[in-house]
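Okay, structure first, notes after.
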Amino acid sequence: MENEGVVLSREGFAALLRALREDGYRLVGPTVRDGAIVYDTIGGIADLPEGWTEVQERGRYRLERRTDRALFGFAVGPESFKRSFFAPTVSLWRARRKDGSFVVLDRAAEMPRVALIGARACDLHAIAIQDRVLLEGPAVDPSYAARRRGAFVVALNCGTAGGTCFCVSMGTGPKAASGFDLALTELFDGEDHRFLVQVASPEGAAILARVPHGEAQKTDLEAAERVVQNTASQMGRSLDTTGIKELLYRNLDHPRWDDVADRCLACANCTLVCPTCFCSTVEDVTDLDGEHAERVQRWDSCFTLDHSYVHGGSVRPSTKSRYRQWLTHKLASWIDQFGTSGCVGCGRCVTWCPVGIDITEEVAAIRSTEKG
Amino acid sequence: MTARTDPWSPTPTRILRVRRETRDTFTVELEGQNRAFEPGQFNMLYLFGIGEVPVSISGDPGNPDVLVHTIRAVGTTTLAMKRQAKRGSALGVRGPFGSAWPVRAAEGDDLLIMAGGLGLAPLRPVMYHALRHRQRFGRVTLLYGARSPEDLLFRSEHGRWARKDCVVEVTVDRAGPNWVGRVGVVPALVDVTPLDPARTTAMLCGPEVMMRFSVRTLEARGLAHERIFVSMERSMKCAVGFCGHCQFGPTFVCKDGPVLRLDRIARLFGKREI
C-alpha cells in the first residue's frame, strides 16, 4: 500500500493483464457476445468491449457505439461475476456401488485461480454478500471456496451509470471501497487514455511493480474523483431504504402484491441475473447400469413451484407469494439473516425482467400506499 | 476437500433393521457410528442413485449405537427407500442437523407434547429422554392424534409410556366400530388436560394446521409463546443454509430450526404461503 496513486497507460494496462496471465490466472472480464456485454474468459485488452456502451431501461437492453475508445464505458451486463465462484452447475460428488453399500469418490478440488477484470463496486459488494452465505456460515461450501480462493480482483470505478442503476441508494457504489487488489478509474484527456490505479493489497502492489507505470498527479486524482461523482449523479433509479425491513415486514398483506403478481411471469430471470441470489437445488443422476451415481448442484430460483415443494404440494403455490418471498428476502429478511441488504442496486432485475417489473417502483408503491 | 469437511458428502451407513409401522410408514435402524444427536434433530438420508430426503431422528438419544428414522413413503425417494431398504444394505447419512427440543431448559417443568400423524417421530426422542430422566420433570403428557387407528404410530409403546407415569391421550379423526378411543382433533385434547401455564413447556409437531389450532387452544389456557416450541417443515436440499429452500421469513428451518420457539416466529406463524 506504498502508493495511493499510480497511473497506467493503455499499454500499461495491457501489460498488467499479460502479467496476471503469466502468473497463471484465468482472466474473467467483460466482452461482447450475442449483442450483450458479458463476463467471460478473456485473453487481453483486445477482448474488452472497446468503444461500446449500452442503453438500459426496464425490460430493455441495447448495445450502442461510443464516440471514444473506452474499454469500460458501460454499466453492467446481464451477468455478474457470480458464476465465477458460485457456478451454475457443480458436480458435488460421484459415488460407486460396492457390497450392498457405496463409496463416495474423491472430488477434484483444485481450481485455476481467476482474476476478475473490471469488477464494479456493486458486484464486489455482491461477492462479499455471497461470501457471507457460502463461506462464513456454520458450514463452508467446498466448491465455492475452491473457486473463490486466491482470486485476484481488478476493480473498476464506474464511469457511466445505466438507466436502471441505483447503487447510490444501496450505499454500494459507484466507487469500489473494498474487496479488490487494484481499483482502476478510466480517464480520458483528449486522445490520452489512461487509468488511475489504487493499490489495496501486497499482491496488487507486487504485480503492478512488474508493469510500466507512472506516478499519479494531483490532477489525475481530481479527474478520477470527478468521474465517480459524475456517475453518482446519473443514477437511473433510486430506492428509499429508510426502515425498509420494517416497511416490508408490516406489509405482507398489501394489495400491491396482487398487482405485481398480475404482471409477473414467475420466469426467474430476476433471480438468475441477480448477483446475490444463492438458491440452488440438487439432481441425482446414475449411469445406465446403475453402478455409478452423481449429485449435481445447479442454480435454482424461488420463483419455481418446485422451490418450496414438500410432500403434498408447494408452500408458495401463487406467483404473488413467490414474488413477495423474493422481494422481502432481498430487501428485508436478508438483513436479519446476514446483516446486510441482499440488494446491491445493480438494476439487472429491472433491465432483464421481460415485463419490466421494477423493484424500486414496487417498494415505492408499497411505501406510498401503506395503510397507517 | 475431505469427506469430513464437505457438508454435501454422505456417509454410507449400514441398515441394521427395517420395520413396517403403518401402511405408509416404516422405520429404518442404521448403525449409529456414535453419532450423538439431540431430540428434534434430523439427518439427510440418501438412497444410492435415487435421491436424498430430510428425516427427523425418531430413536433414543441415550443410545448412540443405533440411528432410528421413521419415514413416510410419499415421494420418489421415500417410496424407493421403502422398496429397497433392507438389512445389510446401506443409506447415505448427512447430519445430524438443526435445533433441538429444549429438554434441558424444560427440566422442572411439566411437559406437554402434542403430535399429529408422523409428527410423533421427532418427538419420540423427547419421550425416551423424559421417561429415562422422569424425576427431572413434573407432569409429562402426550397428546397424539392420527387420521385413523391404523395410522397411529408406535402403538405398542403408548401403554409402556403410560405405565411410566406419563399421561398418553390418543385421538383419531375417524374410526370404525372397533375403536373405543377418542375421535376428534389433537387441539381438542388440550381441553381435557390439566395445564399450569406458569410451569408448562409445550412441544408441538404435526401438520401446520394442527399446530396452528393447538397454539390457539394453548394461548386460551394462558400459555405464553415463550413456552411453546414447534417443529417446522420446509423443502430442504442442503441442510446447512446454502440452498435457500427452507426459508420461513428470515428463518432457515434447516439451521435455525426445525425446532423454533413460537415467540421468535409468531409474526409469520399461521400466515399462508410464507
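Labeling convention for the C-alpha cells: chains A, B, ... as they appear, residues from 1 per chain, ligands from 1 in order of appearance.
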Distance-based interface of chain A with chain B, 8 Å, counting only C-alpha atoms, as a PyMOL selection string: chain A and resi 92-93+97+100-104+106-107+109+133-134+137-142+278-286+290+292-294+302+307-311+315-318+321+325+329+333-334+336-337
Exercise: Asp60 of chain B partners within 9 Å, only C-alpha atoms, chain neighbours under 6 positions left out, as a ChimeraX atom specification: /B:39,66-68,124-129
Nearby residues (only C-alpha atoms) at most 12 Å from segment 211-217 of chain B, same-chain spacing under 6 positions excluded, as a PyMOL selection string: chain B and resi 112-117+119+143-145+185-193+195+202-205+223-233+261-263+266+268-272
Contacts of Val363 of chain A within 10 Å, only C-alpha atoms, excl. fewer than 3 positions in-chain, as a list in words: Leu239, Asp240, Thr241, Ile244, Leu247, Leu248, Arg256, Leu327, Thr328, Leu331, Asp358, Ile359, Thr360, Ile366, Arg367 and Ser368 of chain A
Same residues, N, CA, C and O atoms, saved as a PDB file, in the first residue's frame:
ATOM      1  N   LEU A 239     -33.909   4.197  -4.621  1.00  0.00           N
ATOM      2  CA  LEU A 239     -34.740   3.386  -3.737  1.00  0.00           C
ATOM      3  C   LEU A 239     -34.581   3.938  -2.327  1.00  0.00           C
ATOM      4  O   LEU A 239     -33.462   4.021  -1.813  1.00  0.00           O
ATOM      5  N   ASP A 240     -35.700   4.329  -1.735  1.00  0.00           N
ATOM      6  CA  ASP A 240     -35.663   4.835  -0.368  1.00  0.00           C
ATOM      7  C   ASP A 240     -35.601   3.634   0.578  1.00  0.00           C
ATOM      8  O   ASP A 240     -36.537   2.857   0.673  1.00  0.00           O
ATOM      9  N   THR A 241     -34.449   3.491   1.257  1.00  0.00           N
ATOM     10  CA  THR A 241     -34.265   2.310   2.118  1.00  0.00           C
ATOM     11  C   THR A 241     -34.597   2.594   3.585  1.00  0.00           C
ATOM     12  O   THR A 241     -34.383   1.726   4.435  1.00  0.00           O
ATOM     13  N   ILE A 244     -36.655   0.011   5.688  1.00  0.00           N
ATOM     14  CA  ILE A 244     -37.249  -0.836   4.639  1.00  0.00           C
ATOM     15  C   ILE A 244     -37.617  -2.231   5.157  1.00  0.00           C
ATOM     16  O   ILE A 244     -38.610  -2.824   4.731  1.00  0.00           O
ATOM     17  N   LEU A 247     -40.825  -1.828   6.971  1.00  0.00           N
ATOM     18  CA  LEU A 247     -41.868  -1.498   5.990  1.00  0.00           C
ATOM     19  C   LEU A 247     -42.401  -2.771   5.330  1.00  0.00           C
ATOM     20  O   LEU A 247     -43.615  -2.994   5.243  1.00  0.00           O
ATOM     21  N   LEU A 248     -41.482  -3.624   4.877  1.00  0.00           N
ATOM     22  CA  LEU A 248     -41.915  -4.823   4.159  1.00  0.00           C
ATOM     23  C   LEU A 248     -42.505  -5.861   5.113  1.00  0.00           C
ATOM     24  O   LEU A 248     -43.482  -6.537   4.779  1.00  0.00           O
ATOM     25  N   ARG A 256     -50.625  -4.422  -3.187  1.00  0.00           N
ATOM     26  CA  ARG A 256     -49.650  -4.300  -4.277  1.00  0.00           C
ATOM     27  C   ARG A 256     -49.096  -5.661  -4.714  1.00  0.00           C
ATOM     28  O   ARG A 256     -48.711  -5.849  -5.871  1.00  0.00           O
ATOM     29  N   LEU A 327     -38.827 -10.529  -3.046  1.00  0.00           N
ATOM     30  CA  LEU A 327     -38.561  -9.125  -2.713  1.00  0.00           C
ATOM     31  C   LEU A 327     -38.327  -8.925  -1.220  1.00  0.00           C
ATOM     32  O   LEU A 327     -37.418  -8.203  -0.815  1.00  0.00           O
ATOM     33  N   THR A 328     -39.144  -9.585  -0.395  1.00  0.00           N
ATOM     34  CA  THR A 328     -38.954  -9.380   1.046  1.00  0.00           C
ATOM     35  C   THR A 328     -37.667 -10.046   1.521  1.00  0.00           C
ATOM     36  O   THR A 328     -37.029  -9.572   2.459  1.00  0.00           O
ATOM     37  N   LEU A 331     -34.714  -7.577   0.310  1.00  0.00           N
ATOM     38  CA  LEU A 331     -34.609  -6.250   0.919  1.00  0.00           C
ATOM     39  C   LEU A 331     -34.864  -6.231   2.424  1.00  0.00           C
ATOM     40  O   LEU A 331     -34.622  -5.223   3.068  1.00  0.00           O
ATOM     41  N   ASP A 358     -40.162  -3.346 -11.894  1.00  0.00           N
ATOM     42  CA  ASP A 358     -39.066  -2.543 -11.350  1.00  0.00           C
ATOM     43  C   ASP A 358     -39.120  -2.606  -9.821  1.00  0.00           C
ATOM     44  O   ASP A 358     -40.064  -2.105  -9.203  1.00  0.00           O
ATOM     45  N   ILE A 359     -38.126  -3.226  -9.236  1.00  0.00           N
ATOM     46  CA  ILE A 359     -38.116  -3.450  -7.777  1.00  0.00           C
ATOM     47  C   ILE A 359     -38.230  -2.117  -7.025  1.00  0.00           C
ATOM     48  O   ILE A 359     -38.912  -2.029  -6.001  1.00  0.00           O
ATOM     49  N   THR A 360     -37.606  -1.057  -7.581  1.00  0.00           N
ATOM     50  CA  THR A 360     -37.656   0.233  -6.880  1.00  0.00           C
ATOM     51  C   THR A 360     -39.078   0.806  -6.915  1.00  0.00           C
ATOM     52  O   THR A 360     -39.536   1.417  -5.956  1.00  0.00           O
ATOM     53  N   ILE A 366     -45.553   0.398  -2.401  1.00  0.00           N
ATOM     54  CA  ILE A 366     -45.965  -0.086  -1.073  1.00  0.00           C
ATOM     55  C   ILE A 366     -45.794   1.023  -0.041  1.00  0.00           C
ATOM     56  O   ILE A 366     -46.664   1.272   0.786  1.00  0.00           O
ATOM     57  N   ARG A 367     -44.675   1.741  -0.153  1.00  0.00           N
ATOM     58  CA  ARG A 367     -44.418   2.797   0.817  1.00  0.00           C
ATOM     59  C   ARG A 367     -45.467   3.909   0.729  1.00  0.00           C
ATOM     60  O   ARG A 367     -45.931   4.408   1.746  1.00  0.00           O
ATOM     61  N   SER A 368     -45.823   4.274  -0.485  1.00  0.00           N
ATOM     62  CA  SER A 368     -46.712   5.438  -0.640  1.00  0.00           C
ATOM     63  C   SER A 368     -48.176   5.107  -0.351  1.00  0.00           C
ATOM     64  O   SER A 368     -48.973   6.013  -0.121  1.00  0.00           O
TER      65      SER A 368
END
DSSP-assigned helix (DSSP H, G or I) members of segment 11-253 of chain B, reported as a ChimeraX atom specification: /B:76-84,117-132,134-136,149-151,155-163,186-192,208-220,225-227
Pick from A:Gly313, A:Pro78, A:Gly163, A:Gly179 nearest to Ile129 of chain A, counting only C-alpha atoms: A:Gly179
d(atom CA of Gly162 of chain A, atom CA of Ala46 of chain A) in Å: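 Here the two named atoms are 23.6 Å from each other.
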For segment 20-25 of chain B: contacts at 7 Å, only C-alpha atoms, fewer than 4 positions along chain excluded, given as number ranges by chain: B: 70-73, 150-151, 153
Could you turn the residues from that selection into a file that holds N, CA, C and O atoms, as an mmCIF file, in the first residue's frame?
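Written output follows (again.cif):
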data_model
loop_
_atom_site.group_PDB
_atom_site.id
_atom_site.type_symbol
_atom_site.label_atom_id
_atom_site.label_comp_id
_atom_site.auth_asym_id
_atom_site.auth_seq_id
_atom_site.Cartn_x
_atom_site.Cartn_y
_atom_site.Cartn_z
ATOM 1 N N THR B 70 -37.998 -42.801 11.215
ATOM 2 C CA THR B 70 -39.321 -43.270 10.808
ATOM 3 C C THR B 70 -39.765 -42.423 9.622
ATOM 4 O O THR B 70 -39.782 -41.195 9.702
ATOM 5 N N ILE B 71 -40.071 -43.098 8.521
ATOM 6 C CA ILE B 71 -40.208 -42.434 7.216
ATOM 7 C C ILE B 71 -41.585 -42.726 6.633
ATOM 8 O O ILE B 71 -42.058 -43.874 6.681
ATOM 9 N N ARG B 72 -42.215 -41.711 6.076
ATOM 10 C CA ARG B 72 -43.447 -41.938 5.332
ATOM 11 C C ARG B 72 -43.098 -42.075 3.857
ATOM 12 O O ARG B 72 -42.440 -41.197 3.285
ATOM 13 N N ALA B 73 -43.550 -43.166 3.239
ATOM 14 C CA ALA B 73 -43.288 -43.387 1.818
ATOM 15 C C ALA B 73 -44.298 -42.574 1.023
ATOM 16 O O ALA B 73 -45.467 -42.947 0.907
ATOM 17 N N GLU B 150 -55.480 -47.057 12.334
ATOM 18 C CA GLU B 150 -54.424 -47.761 11.595
ATOM 19 C C GLU B 150 -53.221 -46.850 11.330
ATOM 20 O O GLU B 150 -52.135 -47.324 11.017
ATOM 21 N N ASP B 151 -53.433 -45.538 11.401
ATOM 22 C CA ASP B 151 -52.345 -44.598 11.128
ATOM 23 C C ASP B 151 -51.566 -44.214 12.384
ATOM 24 O O ASP B 151 -50.621 -43.431 12.309
ATOM 25 N N LEU B 153 -48.913 -44.196 15.111
ATOM 26 C CA LEU B 153 -47.524 -44.670 15.137
ATOM 27 C C LEU B 153 -47.157 -45.173 16.538
ATOM 28 O O LEU B 153 -47.645 -44.650 17.540
#
Surrounding residues of Trp52 of chain A excluding itself and chain neighbours under 4 positions, 6 Å, only C-alpha atoms, as number ranges by chain: A: 64-66
Put those residues in a file: all heavy atoms, as a PDB file, in the first residue's frame.
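File written: result.pdb
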ATOM      1  N   GLU A  64     -24.777   0.144 -27.787  1.00  0.00           N
ATOM      2  CA  GLU A  64     -24.601   1.290 -28.676  1.00  0.00           C
ATOM      3  C   GLU A  64     -23.122   1.625 -28.761  1.00  0.00           C
ATOM      4  O   GLU A  64     -22.356   1.344 -27.838  1.00  0.00           O
ATOM      5  CB  GLU A  64     -25.372   2.510 -28.147  1.00  0.00           C
ATOM      6  CG  GLU A  64     -26.851   2.455 -28.442  1.00  0.00           C
ATOM      7  CD  GLU A  64     -27.558   3.767 -28.125  1.00  0.00           C
ATOM      8  OE1 GLU A  64     -26.869   4.713 -27.656  1.00  0.00           O
ATOM      9  OE2 GLU A  64     -28.767   3.834 -28.342  1.00  0.00           O
ATOM     10  N   ARG A  65     -22.752   2.279 -29.861  1.00  0.00           N
ATOM     11  CA  ARG A  65     -21.371   2.712 -30.047  1.00  0.00           C
ATOM     12  C   ARG A  65     -21.095   3.982 -29.248  1.00  0.00           C
ATOM     13  O   ARG A  65     -21.936   4.861 -29.170  1.00  0.00           O
ATOM     14  CB  ARG A  65     -21.113   2.988 -31.533  1.00  0.00           C
ATOM     15  CG  ARG A  65     -20.655   1.760 -32.293  1.00  0.00           C
ATOM     16  CD  ARG A  65     -19.269   1.403 -31.823  1.00  0.00           C
ATOM     17  NE  ARG A  65     -18.779   0.152 -32.425  1.00  0.00           N
ATOM     18  CZ  ARG A  65     -17.700  -0.474 -31.959  1.00  0.00           C
ATOM     19  NH1 ARG A  65     -17.054  -0.013 -30.893  1.00  0.00           N
ATOM     20  NH2 ARG A  65     -17.272  -1.572 -32.527  1.00  0.00           N
ATOM     21  N   ARG A  66     -19.929   4.044 -28.651  1.00  0.00           N
ATOM     22  CA  ARG A  66     -19.473   5.279 -28.028  1.00  0.00           C
ATOM     23  C   ARG A  66     -18.662   6.072 -29.050  1.00  0.00           C
ATOM     24  O   ARG A  66     -18.268   5.531 -30.081  1.00  0.00           O
ATOM     25  CB  ARG A  66     -18.576   4.974 -26.823  1.00  0.00           C
ATOM     26  CG  ARG A  66     -19.269   4.367 -25.639  1.00  0.00           C
ATOM     27  CD  ARG A  66     -18.238   3.995 -24.565  1.00  0.00           C
ATOM     28  NE  ARG A  66     -17.546   5.182 -24.071  1.00  0.00           N
ATOM     29  CZ  ARG A  66     -17.894   5.826 -22.950  1.00  0.00           C
ATOM     30  NH1 ARG A  66     -18.894   5.374 -22.225  1.00  0.00           N
ATOM     31  NH2 ARG A  66     -17.227   6.877 -22.554  1.00  0.00           N
TER      32      ARG A  66
END
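Going from atom CA of Phe37 of chain B over to atom CA of Pro61 of chain B, you cover 6.1 Å.
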Test item: residues at most 12 Å from Arg139 of chain B, only C-alpha atoms, excluding those fewer than 2 positions along its chain, as a ChimeraX atom specification: /B:106-113,130-131,134-137,141-142,162,164-168,193-196,199-202
Those in segment 93-282 of chain A with strand (DSSP E) from DSSP, as number ranges by chain: A: 93-98, 101-105, 114-119, 152-157, 182-189, 192-199, 214-215, 280-282
Between atom CA of Val154 of chain A and atom CA of Gly204 of chain A, distance in Å (one decimal):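 These two atoms are separated by 8.6 Å.
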A:Ala155, A:Val7, A:Val28, A:Phe74 ranked by distance to Glu50 of chain A, top pick (using only C-alpha atoms):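 Residue with the minimum atom-to-atom distance to Glu50 of chain A: A:Phe74.
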